[in-house]
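Structure first, then comments.
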Amino acid sequence: SKSPAHARARLCWPVSGCFSSAEPLSMASSPPGCLSAQGQGCGLPAPAFGTPVLLSLLAGLSTGLGGALAVVRRPSGKTIAALLGLSAGVMGWLAMSEMWLVNAYQNGKPLATTLWFLGGALLFALCEPLLPEPNVDGAAGGEGGNGEDATAKDDTHKGGPKARRLLRLGLLMALTLTLHNFPEGFAVGVASLAGSGPLIALSIAAHNIPEGIVIAGPIFAATGSRLRAIGMSFASGMSEPLGALVAVALVRLGGAKVDAEALHMLLAAVGGLMGAVCVINLLPEASQYNAPVHKWGGVVVGALLIAAVGALLEE
């Protein structure tokens, strides 16, 4: 028969499955799924303090790997449309599936989850007009709207409006995915305390690669800087070890109780924010490149990619 820790590990995809216990996680209790800080009831020794942080660091580094894949060559306008569509597919699937619908099913509170999801979307819709446009220094990626030279067709380069919008999009996605990565790091920390940290870290690392592409693609297209694009995707992944550090500090050092319901609602709100980025920013910007086949093809590929990763990790 499978050990409780192994059973718990399978429940930790999507990430909301790591918080499915109705009881709080604390030093003093051992809720279902062997989640006590001491591993009580699991037959497992408590991991070293640095183990959860190290595992989440490795998972976060895969975001930088995705960023490196996104900057292999300078994109044409059609490629930018496809990348933006891919970004919308990945983020939209994560938001709608993992962070809203599956989250609601696992926590048993669909109405509350939906309200938090809509609240996150509304918050972004209200704040988005207030966000400043960044400056773009130097030339940006490659070619214009129909794959022709950008100098003849548009202002994607040299700090023009399209470059500013693309850079703004990249920074917005870096911010939203950083918020998304924090509870993932928390999940790795919780799972490590239960003895299943390596499996969960591997799961999260696999789906962080497309997220790195999502961040780096627009930034590279806007600035032409591989270093800047990879650096932003890498920085976003670093919120994961921070989340793991918070989890371990709360449970093992502070003896605090972790409210599973609050974590579910946090995931839902961040999901709403991510969904709003797709609808308000990503899809309209992709439409600017007059390549609907590439845009919607990217959406489909992105959604199928992240769904396939999740399906494989559940096996």
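Residues in the structure tokens are numbered from 1 in each chain, the chains being A, B, ... in the order shown, and ligands are numbered from 1 in the order shown.
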Would you pick out the contacts of stretch 200-211 of chain A at 6 Å or less, using only C-alpha atoms, so that residues sharing its chain but fewer than 3 positions from it are not included, and give the list as a PDB file with C-alpha atoms, in the first residue's frame?
```pdb
ATOM      1  CA  LEU A  55      13.826  22.412  -3.227  1.00  0.00           C
ATOM      2  CA  ALA A  59      11.798  24.772  -8.757  1.00  0.00           C
ATOM      3  CA  SER A  62      13.207  26.504 -13.935  1.00  0.00           C
ATOM      4  CA  THR A  63      11.398  29.794 -14.599  1.00  0.00           C
ATOM      5  CA  GLY A  66      11.897  28.969 -19.659  1.00  0.00           C
ATOM      6  CA  VAL A 188       6.852  23.072  -1.444  1.00  0.00           C
ATOM      7  CA  GLY A 197       8.851  17.893  -1.064  1.00  0.00           C
ATOM      8  CA  VAL A 214       5.459  33.933 -20.767  1.00  0.00           C
TER       9      VAL A 214
END
```
Write down as a ChimeraX atom specification the residues belonging to stretch 50-294 of chain A that are assigned helix (DSSP H, G or I) by DSSP computed on the backbone. /A:50-70,77-107,110-130,150-153,161-193,197-223,226-237,239-253,260-287,292-294
Please report the interatomic distance between atom CA of A:Ser239 and atom CA of A:Leu86 in Å with one decimal.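 Atom-to-atom, atom CA of A:Ser239 and atom CA of A:Leu86 are spaced 22.8 Å apart.
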May I ask for the distance between atom CA of A:Phe117 and atom CA of A:Thr176, given in Å to one decimal place? 13.7 Å
Can you write out as CSV which residues of stretch 82-115 of chain A fall within 7 Å of stretch 282-301 of chain A, alongside each residue's closest atom pair and its distance in Å to one decimal, counting only C-alpha atoms and ordering rows by chain and ascending residue number?
```
residue,atom,partner,partner_atom,distance
A:Ala82,CA,A:Gly298,CA,4.6
A:Leu83,CA,A:Gly298,CA,6.4
A:Leu84,CA,A:Ala286,CA,5.7
A:Gly85,CA,A:Gly298,CA,4.3
A:Leu86,CA,A:Gly298,CA,4.1
A:Ala88,CA,A:Val299,CA,5.9
A:Gly89,CA,A:Val299,CA,4.1
```
Selected residues, C-alpha atoms, written as a JSON list (two decimals), in the first residue's frame, please.
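Final output, saved to selection-v1.json:
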```
[["chain", "number", "residue", "atom", "x", "y", "z"],
["A", 82, "ALA", "CA", 1.99, 33.81, -31.11],
["A", 83, "LEU", "CA", 4.02, 34.42, -27.94],
["A", 84, "LEU", "CA", 1.35, 36.71, -26.53],
["A", 85, "GLY", "CA", -1.29, 34.11, -27.40],
["A", 86, "LEU", "CA", 0.84, 31.43, -25.75],
["A", 88, "ALA", "CA", -2.67, 34.05, -22.57],
["A", 89, "GLY", "CA", -3.19, 30.32, -22.97]]
```
Could you list, as a PyMOL selection string, every residue within 9 Å of A:Gly243, counting only C-alpha atoms and ignoring same-chain residues fewer than 3 positions away? chain A and resi 53+56+181-189+239-240+246-248
Residue neighbourhood A:Glu98, 12 Å, only C-alpha atoms, exclusion window fewer than 5 positions, as a ChimeraX atom specification: /A:12-17,90-93,103-106,113,117,180,184,207,264,267-268,270-272,274-275,303,306-307,310-311
Distance criterion (only C-alpha atoms): nearest to A:Trp116 out of A:Met238, A:Leu263, A:Ala269, A:Ala216: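 Result for the nearest residue to A:Trp116: A:Ala269.
Between atom CA of A:Val279 and atom CA of A:Pro218 there is a distance of 16.1 Å.
Shortest separation to A:Ala229 among A:Met99, A:Leu123, A:Leu166, A:Cys278 occurs at residue A:Leu166, atoms counted being only C-alpha atoms.
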